[in-house]
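**Q** The structure is given below, and queries will be raised subsequently.
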Amino acid sequence: MGGRTEEGCISLGTPDAALQGGLSLSELHELAPASPFQHGASLGFALALSVLAQAHDGAIVFVQQDFAALEAGALYGLGCALFGIDPTRLLLVRAATPKDALWAMEEALKTRGVSAVIAELAGYAEAADLTATRRLSLAAQKGRALALLLRQRASPLPSAAATRWLLSDASGPSDLYGGLGRTAFSVTLTKNRRGPCGTWVLQWDDDGSRFEPALPRVVAAAPFDRPAAAPIANAC
């Protein structure tokens, strides 16, 4: 199960083996939607990671380029609260240009009392080139906060980020009443300095504020000879 570890890492559960213990708080990580219509999944995953990164009274800083907000919308406060983010610890910053957004992210990473910094840039975010991401990596090392760079399109350009992820939504099991269940993500690790890459499906536990592996529902299969002895069968 995912949570915060004592070694300065965030536990994602099953991906931890590839990450050699979890997602480091002192490195830069990049997120992008797997397709143009999966922006909500990538932003939701970033918010979940920021919840895990919160320590004591640390703030979450969300830096958004103006055009990125026009393309994908702004954060909804009540939704963030339901996700596990205390609105009193959420600081929103709007930036006119990609360069301004990157500067604000770098300065926020250097600020004491900040647990996580998310910066969302429009499109492929070409301004977040190798030089810019190196600066962000150095700032993350100094401040020890979680640094998440959210591109609205996956970029083929080189980056100094320690990991790169592609996100999409995934089908999760229904609740006991057949309604909507937990939020589920399909996460693909495309770059990993510490080990192999891979794809996993993770569920977000709102109550426990942690990731869990998405398991198939189990139901009783109807036996043809002894109805009272129904074996357990997997159901997708």
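Simple scheme: letters A, B, ... for chains in structure tokens order, numbers from 1 for residues in each chain, numbers from 1 for ligands in the order shown.
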For the interface of region 35-146 of chain A with region 187-210 of chain A (cut-off 12 Å, counting only C-alpha atoms), please tabulate each contacting residue of region 35-146 of chain A alongside its nearest pair of atoms and their separation in Å to one decimal, rows sorted by chain and increasing number, as JSON lines.

**A**
{"residue": "A:Gln38", "atom": "CA", "partner": "A:Val187", "partner_atom": "CA", "distance": 11.6}
{"residue": "A:Ala41", "atom": "CA", "partner": "A:Val187", "partner_atom": "CA", "distance": 9.4}
{"residue": "A:Ser42", "atom": "CA", "partner": "A:Val187", "partner_atom": "CA", "distance": 9.0}
{"residue": "A:Gly44", "atom": "CA", "partner": "A:Trp204", "partner_atom": "CA", "distance": 9.8}
{"residue": "A:Phe45", "atom": "CA", "partner": "A:Trp204", "partner_atom": "CA", "distance": 8.9}
{"residue": "A:Ala46", "atom": "CA", "partner": "A:Val187", "partner_atom": "CA", "distance": 11.5}
{"residue": "A:Leu47", "atom": "CA", "partner": "A:Trp204", "partner_atom": "CA", "distance": 10.8}
{"residue": "A:Ala48", "atom": "CA", "partner": "A:Trp204", "partner_atom": "CA", "distance": 7.6}
{"residue": "A:Leu49", "atom": "CA", "partner": "A:Arg210", "partner_atom": "CA", "distance": 8.9}
{"residue": "A:Ser50", "atom": "CA", "partner": "A:Ser209", "partner_atom": "CA", "distance": 10.5}
{"residue": "A:Val51", "atom": "CA", "partner": "A:Ser209", "partner_atom": "CA", "distance": 7.2}
{"residue": "A:Leu52", "atom": "CA", "partner": "A:Ser209", "partner_atom": "CA", "distance": 7.1}
{"residue": "A:Ala53", "atom": "CA", "partner": "A:Ser209", "partner_atom": "CA", "distance": 10.7}
{"residue": "A:Gln54", "atom": "CA", "partner": "A:Ser209", "partner_atom": "CA", "distance": 10.9}
{"residue": "A:Gly79", "atom": "CA", "partner": "A:Asp206", "partner_atom": "CA", "distance": 11.7}
{"residue": "A:Cys80", "atom": "CA", "partner": "A:Asp206", "partner_atom": "CA", "distance": 11.1}
{"residue": "A:Ala81", "atom": "CA", "partner": "A:Asp206", "partner_atom": "CA", "distance": 10.3}
{"residue": "A:Leu82", "atom": "CA", "partner": "A:Asp206", "partner_atom": "CA", "distance": 7.6}
{"residue": "A:Phe83", "atom": "CA", "partner": "A:Asp206", "partner_atom": "CA", "distance": 6.2}
{"residue": "A:Gly84", "atom": "CA", "partner": "A:Asp206", "partner_atom": "CA", "distance": 6.6}
{"residue": "A:Ile85", "atom": "CA", "partner": "A:Ser209", "partner_atom": "CA", "distance": 9.8}

**Q** Taking the DSSP secondary structure from the backbone, can you list the residues of region 25-229 of chain A that are strand (DSSP E), as a ChimeraX atom specification?

**A** /A:28-33,59-65,90-95,114-121,146-151,163-169,183-192,198-205,210-213,217-220

**Q** Quick one, how far is CA of Leu121 (chain A) from CA of Ala18 (chain A)?

**A**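 A separation of 27.5 Å between them.
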
**Q** Need to verify the contact set: region 122-129 of chain A, 8 Å, only C-alpha atoms, exclusion of same-chain residues closer than 3 positions in sequence. Can you return it as number ranges by chain?

**A** A: 65, 67-68, 71, 98-99, 102, 132-133, 151-155, 157-159

**Q** Selected residues, C-alpha atoms, written as a JSON list (two decimals), in the first residue's frame, please.

**A**
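Everything below was put into again-v1.json:
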[["chain", "number", "residue", "atom", "x", "y", "z"],
["A", 65, "GLN", "CA", 0.13, 28.80, -16.76],
["A", 67, "PHE", "CA", -3.19, 29.19, -21.20],
["A", 68, "ALA", "CA", -3.06, 25.79, -19.47],
["A", 71, "GLU", "CA", -7.19, 24.52, -22.14],
["A", 98, "PRO", "CA", 5.74, 29.23, -19.34],
["A", 99, "LYS", "CA", 8.91, 31.02, -18.26],
["A", 102, "LEU", "CA", 8.94, 27.69, -14.25],
["A", 132, "ALA", "CA", 15.17, 24.47, -17.11],
["A", 133, "THR", "CA", 14.56, 20.98, -15.73],
["A", 151, "ARG", "CA", 2.84, 18.79, -19.23],
["A", 152, "GLN", "CA", -0.45, 18.75, -21.09],
["A", 153, "ARG", "CA", 1.21, 16.75, -23.87],
["A", 154, "ALA", "CA", 3.93, 14.12, -23.51],
["A", 155, "SER", "CA", 7.19, 15.64, -24.72],
["A", 157, "LEU", "CA", 12.49, 16.39, -25.63],
["A", 158, "PRO", "CA", 15.26, 15.40, -23.19],
["A", 159, "SER", "CA", 14.69, 16.25, -19.55]]

**Q** Which residues come within 12 Å of Val93 (chain A), counting only C-alpha atoms, excluding same-chain residues fewer than 5 positions away, as an NGL selection string?

**A** :A and (60-66 or 69 or 74-75 or 100-105 or 107-108 or 117-120)

**Q** Would you mind listing what lies within 10 Å of Gly21 (chain A) as a list in words, with only C-alpha atoms counted and same-chain residues fewer than 3 positions away left out?

**A**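 Listing them by chain and then by number gives Thr5, Glu7, Gly8, Cys9, Ile10, Ser11, Leu12, Gly13, Pro15, Asp16, Ala17, Ala18, Ser24 and Arg194 of chain A.
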
**Q** Those residues with N, CA and C atoms, as a PDB file, in the first residue's frame please?

**A**
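Written file, selection-v1.pdb:
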ATOM      1  N   THR A   5       7.164   7.270   3.288  1.00  0.00           N
ATOM      2  CA  THR A   5       8.132   6.455   3.991  1.00  0.00           C
ATOM      3  C   THR A   5       9.054   7.340   4.807  1.00  0.00           C
ATOM      4  N   GLU A   7      12.277   7.337   4.493  1.00  0.00           N
ATOM      5  CA  GLU A   7      13.505   7.600   3.749  1.00  0.00           C
ATOM      6  C   GLU A   7      13.369   8.770   2.786  1.00  0.00           C
ATOM      7  N   GLY A   8      12.353   9.602   2.954  1.00  0.00           N
ATOM      8  CA  GLY A   8      12.180  10.725   2.046  1.00  0.00           C
ATOM      9  C   GLY A   8      11.608  10.318   0.713  1.00  0.00           C
ATOM     10  N   CYS A   9      10.806   9.273   0.692  1.00  0.00           N
ATOM     11  CA  CYS A   9      10.169   8.790  -0.530  1.00  0.00           C
ATOM     12  C   CYS A   9       8.670   8.646  -0.314  1.00  0.00           C
ATOM     13  N   ILE A  10       7.945   8.640  -1.403  1.00  0.00           N
ATOM     14  CA  ILE A  10       6.515   8.354  -1.391  1.00  0.00           C
ATOM     15  C   ILE A  10       6.323   6.929  -1.886  1.00  0.00           C
ATOM     16  N   SER A  11       5.588   6.145  -1.123  1.00  0.00           N
ATOM     17  CA  SER A  11       5.317   4.778  -1.530  1.00  0.00           C
ATOM     18  C   SER A  11       4.091   4.746  -2.440  1.00  0.00           C
ATOM     19  N   LEU A  12       4.262   4.138  -3.609  1.00  0.00           N
ATOM     20  CA  LEU A  12       3.155   3.953  -4.541  1.00  0.00           C
ATOM     21  C   LEU A  12       2.620   2.527  -4.506  1.00  0.00           C
ATOM     22  N   GLY A  13       3.188   1.711  -3.653  1.00  0.00           N
ATOM     23  CA  GLY A  13       2.762   0.321  -3.591  1.00  0.00           C
ATOM     24  C   GLY A  13       3.556  -0.545  -4.545  1.00  0.00           C
ATOM     25  N   PRO A  15       4.623  -0.203  -7.662  1.00  0.00           N
ATOM     26  CA  PRO A  15       5.750   0.347  -8.433  1.00  0.00           C
ATOM     27  C   PRO A  15       7.020   0.590  -7.614  1.00  0.00           C
ATOM     28  N   ASP A  16       6.952   0.441  -6.293  1.00  0.00           N
ATOM     29  CA  ASP A  16       8.106   0.764  -5.443  1.00  0.00           C
ATOM     30  C   ASP A  16       9.334  -0.062  -5.772  1.00  0.00           C
ATOM     31  N   ALA A  17       9.138  -1.306  -6.216  1.00  0.00           N
ATOM     32  CA  ALA A  17      10.286  -2.158  -6.537  1.00  0.00           C
ATOM     33  C   ALA A  17      11.091  -1.561  -7.686  1.00  0.00           C
ATOM     34  N   ALA A  18      10.409  -1.062  -8.710  1.00  0.00           N
ATOM     35  CA  ALA A  18      11.105  -0.435  -9.832  1.00  0.00           C
ATOM     36  C   ALA A  18      11.759   0.873  -9.428  1.00  0.00           C
ATOM     37  N   SER A  24      11.064   9.614  -4.994  1.00  0.00           N
ATOM     38  CA  SER A  24      11.887  10.487  -4.175  1.00  0.00           C
ATOM     39  C   SER A  24      11.309  11.895  -4.085  1.00  0.00           C
ATOM     40  N   ARG A 194      16.396   4.875 -11.649  1.00  0.00           N
ATOM     41  CA  ARG A 194      16.772   3.908 -10.627  1.00  0.00           C
ATOM     42  C   ARG A 194      16.471   2.459 -10.995  1.00  0.00           C
TER      43      ARG A 194
END

**Q** To test your reading of the structure, identify every residue in region 14-220 of chain A that backbone DSSP assigns to helix (DSSP H, G or I), and report it as JSON, numbers by chain.

**A** {"A": [14, 15, 16, 17, 39, 40, 41, 42, 43, 44, 45, 46, 47, 48, 49, 50, 51, 52, 53, 66, 67, 68, 69, 70, 71, 72, 77, 78, 79, 80, 81, 82, 83, 87, 88, 89, 98, 99, 100, 101, 102, 103, 104, 105, 106, 107, 108, 109, 130, 131, 132, 133, 134, 135, 136, 137, 138, 139, 140, 141, 142, 143]}

**Q** Please provide the set of residues having any atom within 8 Å of Leu28 (chain A), restricted to only C-alpha atoms, with same-chain residues fewer than 5 positions apart removed, written as a list in words.

**A**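 Near Leu28 (chain A), the qualifying residues are Thr133, Leu136, Ser137, Ala140, Leu146, Ala147, Leu148, Leu149, Ala160, Ala161, Ala162 and Thr163 of chain A.
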
**Q** So the first atom is CA of Ala34 (chain A) and the second is CA of Tyr76 (chain A); what is the distance between them in Å, to one decimal place?

**A**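 Distance reported for this atom pair: 22.5 Å.
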
**Q** For a test of reading the model, state the distance in Å between CA of Glu27 (chain A) and CA of Leu70 (chain A), rounded to one decimal.

**A**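 Value for the CA of Glu27 (chain A)-CA of Leu70 (chain A) distance: 28.7 Å.
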